[in-house]
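Asker: To start, I am sharing the structure in question, which I have written as structure tokens.
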Amino acid sequence: MSFETAKMVDQEDKMTTTDTSPAESAGTAPEGMRVHNLDIFYGNFLAVRNVSMDIEPRAITALIGPSGCGKSTFLRSLNRMHEEIQGARVEGTVTLDGVDLYGPGVDPVVVRRQIGMVFQRPNPFPTMSIAENVLAGMRLNSKKLSKSKANEIVESSLRGANLWEEVKNRLDQPGSGLSGGQQQRLCIARAIAVQPRVLLMDEPCSALDPISTMAIESLMLELKSSYTIVIVTHNMQQAARVSDRTAFFNIDGTGQPGYVVEMDATEKIFSNPTQQATSDYVTGRFG
Amino acid sequence: MNDLRQGFHRDVEEIRSQIGRLGALIVEMIPRVTDILLDQDLEGAEYVLLGDDEIDARAVDIEERALRLLALQAPVAGDLRQIASALKISSEMERSADLCCNVCKAARRIYGHELDPKLRGIIQKLSTQATREYREALDAYVNLDAVHAAALDDIDSYLDDLHRLFIQQILESHSNGSIDLQVAVQLALVGRFYERLGDHAVNLGQKVRYIVTGWLPEQEALARFRAREEAESARGAAEQE
């Protein structure tokens, strides 16, 4: 195990042995994520160029922009998920609370445990019960769990995802029997069960009805007191409603790399953006 | 069901309570500036004029909050009417405070001139009636009471009558020599300030009705204008044939 991985695992051990929130248990005030001059490639194709941004801790950062501009690619690079695609690589640095995620010898699995992800379509494991779904991440991370500890984690994670009251009497039934909005909250419960420091959400509401969407949004507003959240959304009203800071991504044409046009406080982006392209996009003149 | 947009609805309520507080300041301000006028209290006038900056700042704060919610929260239905009305109400109230300041400025200009008891009596009545209307309008706003709000137009007609009576009395007092022309002009303006305060209260009432029911006042001028437009275009079509 390399030094950097050892440091992350060390912080993680601290967080699982205390009841305090993740960042506090890491011993220092959270710094959030810092991205510096990040280029993202698929083979020789430069997909996203030169992104530098600070992602503030315990706040919601929204990534908006037209289709194909690299928002999701960028999001996936934040927990090294994009490496699952063959030939994908990055240049530049991404740090979480000062630790370089792409440093030599850092284990991507450890990174993903610290930086959880919620996907566009709710994807609970269909054959597992609700409780098993919540614990799936813990089991994958090969933790030995006592029965009482497991029950505790199931309850606290489901409560954290505002789902406990709805499912507490049917924890042993399959997760696929829940509604779409409930399934998505189950996926959020699964993501927070391993106590990550950051939650990445890739269009978490695009497959949901408005009421379930509102439920997820209000959950996000609650979660941001404990977690750093980054959300990709095509719904600009959603970005405006929930996020503290917004980054606008754009692309100059097909085959060109995506890049960040502007990042600022959400209020500024939606009321008085600096760049004309941002203004055109948020006012619907784009294209 | 739980309120899914608690934060947003808290912000809307915060705007409402800010408006309530601003309105309460104006309800207190009207009798205060009347005392200043009748007692020739120049120091009091100075304080009121200085305090106007705070009221302007509060009105701007309400406007900024409302614009922020419009930009970020895409309000609809009742929430939209609340926030759109907040933008208008804050400027109505800011203007009302300016009218109170104008009474103080008039007090400075007529300083040293005695007013006869009849004039003083009507000024007191104008003030009491304007205060009452404003308080009624503000209560209607705080309680979202459309019925009360709808009564304000009628209540205001008494203030208009008092205003006419006041003008007559000014002319009488001037012709019998108890006040000079400069004072007469200032008093006529003061009467107008109270009458306008009542109008702002009526407007506030209309906004309350709009918030509660979506009702907009029938605009006679608008109806006349549209009828003329239609007649014009009909005539134009006939000439072309």
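Letters for chains follow the order of the structure tokens (A, B, ...), residue numbers begin at 1 for each chain, and ligand numbers begin at 1 in the order shown.
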Determine which residues of stretch 44-281 of chain A receive a DSSP assignment of strand (DSSP E or B), computed from the backbone, and state them as a ChimeraX atom specification.

Answerer: /A:45-55,60-64,88-96,99-100,115-118,129,174,198-202,228-232,245-251,258-265

Asker: Hey, which bits of chain A sit within 8 Å of chain B, and for each residue what's the closest pair of atoms and how far apart in Å (one decimal), counting only C-alpha atoms, rows by chain and increasing number, as a Markdown table?

Answerer:
```
| residue | atom | partner | partner_atom | distance |
| --- | --- | --- | --- | --- |
| A:Met214 | CA | B:Leu4 | CA | 5.8 |
| A:Ala215 | CA | B:Leu4 | CA | 5.9 |
| A:Ser218 | CA | B:Leu4 | CA | 6.0 |
| A:Gln237 | CA | B:Ala74 | CA | 6.8 |
| A:Ala240 | CA | B:Leu72 | CA | 4.6 |
| A:Arg241 | CA | B:Gln73 | CA | 5.2 |
| A:Glu267 | CA | B:Leu72 | CA | 6.9 |
| A:Phe270 | CA | B:Ala71 | CA | 6.2 |
| A:Ser271 | CA | B:Ala71 | CA | 6.1 |
```

Asker: Can you tell me, as a compact mmCIF listing (two decimals) with N, CA and C atoms, in the first residue's frame, which residues in stretch 126-163 of chain A count as helix (DSSP H, G or I) by DSSP?

Answerer:
```
# COMPACT_ATOMS: atom_id res chain seq x y z
N ILE A 130 -34.07 -4.68 0.53
CA ILE A 130 -33.79 -3.26 0.78
C ILE A 130 -32.59 -3.12 1.71
N ALA A 131 -32.60 -3.91 2.81
CA ALA A 131 -31.50 -3.81 3.78
C ALA A 131 -30.17 -4.23 3.15
N GLU A 132 -30.20 -5.29 2.37
CA GLU A 132 -28.96 -5.75 1.73
C GLU A 132 -28.43 -4.72 0.74
N ASN A 133 -29.37 -4.06 0.05
CA ASN A 133 -28.96 -3.01 -0.87
C ASN A 133 -28.18 -1.91 -0.14
N VAL A 134 -28.71 -1.52 1.03
CA VAL A 134 -28.04 -0.45 1.78
C VAL A 134 -26.63 -0.89 2.17
N LEU A 135 -26.51 -2.19 2.53
CA LEU A 135 -25.22 -2.69 3.03
C LEU A 135 -24.28 -3.14 1.91
N ALA A 136 -24.78 -3.09 0.66
CA ALA A 136 -23.98 -3.64 -0.44
C ALA A 136 -22.58 -3.05 -0.50
N GLY A 137 -22.50 -1.74 -0.32
CA GLY A 137 -21.20 -1.07 -0.39
C GLY A 137 -20.28 -1.53 0.73
N MET A 138 -20.85 -1.70 1.93
CA MET A 138 -20.05 -2.14 3.07
C MET A 138 -19.50 -3.55 2.81
N ARG A 139 -20.37 -4.42 2.28
CA ARG A 139 -19.97 -5.81 2.05
C ARG A 139 -18.88 -5.88 0.98
N LEU A 140 -19.07 -5.07 -0.08
CA LEU A 140 -18.07 -5.05 -1.14
C LEU A 140 -16.72 -4.61 -0.60
N LYS A 147 -24.41 -8.12 13.49
CA LYS A 147 -25.81 -7.94 13.13
C LYS A 147 -26.34 -6.60 13.63
N SER A 148 -25.99 -6.26 14.88
CA SER A 148 -26.54 -5.03 15.44
C SER A 148 -25.95 -3.81 14.72
N LYS A 149 -24.66 -3.90 14.41
CA LYS A 149 -24.02 -2.79 13.71
C LYS A 149 -24.66 -2.62 12.32
N ALA A 150 -24.93 -3.76 11.67
CA ALA A 150 -25.55 -3.71 10.34
C ALA A 150 -26.92 -3.05 10.42
N ASN A 151 -27.72 -3.45 11.42
CA ASN A 151 -29.05 -2.85 11.57
C ASN A 151 -28.96 -1.35 11.79
N GLU A 152 -27.96 -0.99 12.59
CA GLU A 152 -27.76 0.43 12.89
C GLU A 152 -27.47 1.21 11.60
N ILE A 153 -26.57 0.64 10.79
CA ILE A 153 -26.19 1.33 9.55
C ILE A 153 -27.37 1.41 8.59
N VAL A 154 -28.15 0.32 8.50
CA VAL A 154 -29.32 0.33 7.62
C VAL A 154 -30.27 1.45 8.04
N GLU A 155 -30.54 1.51 9.36
CA GLU A 155 -31.50 2.52 9.80
C GLU A 155 -30.96 3.93 9.60
N SER A 156 -29.71 4.16 10.00
CA SER A 156 -29.20 5.54 9.90
C SER A 156 -29.08 5.97 8.44
N SER A 157 -28.69 5.04 7.55
CA SER A 157 -28.56 5.41 6.14
C SER A 157 -29.93 5.70 5.53
N LEU A 158 -30.92 4.84 5.85
CA LEU A 158 -32.26 5.06 5.29
C LEU A 158 -32.88 6.33 5.86
N ARG A 159 -32.62 6.59 7.14
CA ARG A 159 -33.10 7.86 7.72
C ARG A 159 -32.43 9.03 7.01
N GLY A 160 -31.12 8.90 6.79
CA GLY A 160 -30.37 9.95 6.10
C GLY A 160 -30.92 10.20 4.72
```

Asker: Would you kindly return, as a ChimeraX atom specification, each protein, DNA or RNA residue with an atom no farther than 12 Å from any atom of B:Gly214, considering only C-alpha atoms and excluding same-chain residues fewer than 2 positions away?

Answerer: /B:77-82,84-85,146,206-212,216-217

Asker: Just the selected residues (C-alpha atoms), exported as a PDB file, in the first residue's frame, please.

Answerer:
```pdb
ATOM      1  CA  ALA B  77     -49.310  30.112  -8.725  1.00  0.00           C
ATOM      2  CA  GLY B  78     -49.749  31.617  -5.226  1.00  0.00           C
ATOM      3  CA  ASP B  79     -46.011  31.794  -4.615  1.00  0.00           C
ATOM      4  CA  LEU B  80     -45.530  33.698  -7.865  1.00  0.00           C
ATOM      5  CA  ARG B  81     -48.266  36.178  -6.927  1.00  0.00           C
ATOM      6  CA  GLN B  82     -46.726  36.653  -3.482  1.00  0.00           C
ATOM      7  CA  ALA B  84     -44.470  39.577  -7.820  1.00  0.00           C
ATOM      8  CA  SER B  85     -46.622  41.547  -5.364  1.00  0.00           C
ATOM      9  CA  ALA B 146     -59.218  39.575   0.728  1.00  0.00           C
ATOM     10  CA  GLN B 206     -55.628  45.460  -4.259  1.00  0.00           C
ATOM     11  CA  LYS B 207     -52.370  43.537  -4.079  1.00  0.00           C
ATOM     12  CA  VAL B 208     -53.756  41.464  -1.204  1.00  0.00           C
ATOM     13  CA  ARG B 209     -56.802  40.598  -3.318  1.00  0.00           C
ATOM     14  CA  TYR B 210     -54.488  39.687  -6.175  1.00  0.00           C
ATOM     15  CA  ILE B 211     -52.353  37.436  -3.944  1.00  0.00           C
ATOM     16  CA  VAL B 212     -55.365  35.625  -2.516  1.00  0.00           C
ATOM     17  CA  LEU B 216     -56.616  42.304 -10.934  1.00  0.00           C
ATOM     18  CA  PRO B 217     -58.505  45.602 -10.610  1.00  0.00           C
TER      19      PRO B 217
END
```

Asker: Skipping near chain neighbours, those fewer than 6 positions away, what residues fall within 8 Å of B:Cys100 using only C-alpha atoms, listed as a list in words?

Answerer: Met29, Ile30, Val33 and Phe193 of chain B

Asker: So which residues touch A:Val35 within 7 Å, counting only C-alpha atoms, skipping near sequence neighbours fewer than 5 positions away, as a ChimeraX atom specification?

Answerer: /A:51-54,93-95

Asker: From the list B:Asp98, B:Glu229, B:Asp199, B:Glu114, which residue is nearest B:Leu50 when using only C-alpha atoms?

Answerer: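 For B:Leu50, the nearest of the candidates is B:Asp98.
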
Asker: Could you give me, as a ChimeraX atom specification, the residues within 12 Å of B:Glu54, counting only C-alpha atoms and dropping anything in the same chain fewer than 5 positions from it?

Answerer: /B:22,25,47-49,59-61,94,97-98

Asker: Emit the selected residues as an mmCIF file, in the first residue's frame, including C-alpha atoms.

Answerer:
```cif
data_model
loop_
_atom_site.group_PDB
_atom_site.id
_atom_site.type_symbol
_atom_site.label_atom_id
_atom_site.label_comp_id
_atom_site.auth_asym_id
_atom_site.auth_seq_id
_atom_site.Cartn_x
_atom_site.Cartn_y
_atom_site.Cartn_z
ATOM 1 C CA LEU B 22 -41.891 47.860 6.922
ATOM 2 C CA LEU B 25 -43.044 51.430 10.508
ATOM 3 C CA TYR B 47 -35.012 62.505 12.805
ATOM 4 C CA VAL B 48 -37.767 61.341 10.487
ATOM 5 C CA LEU B 49 -35.892 62.585 7.420
ATOM 6 C CA ALA B 59 -37.404 48.262 0.603
ATOM 7 C CA VAL B 60 -34.341 47.481 -1.526
ATOM 8 C CA ASP B 61 -33.640 44.431 0.624
ATOM 9 C CA GLU B 94 -41.064 53.227 0.120
ATOM 10 C CA ALA B 97 -42.488 56.806 3.700
ATOM 11 C CA ASP B 98 -41.408 59.550 1.290
#
```
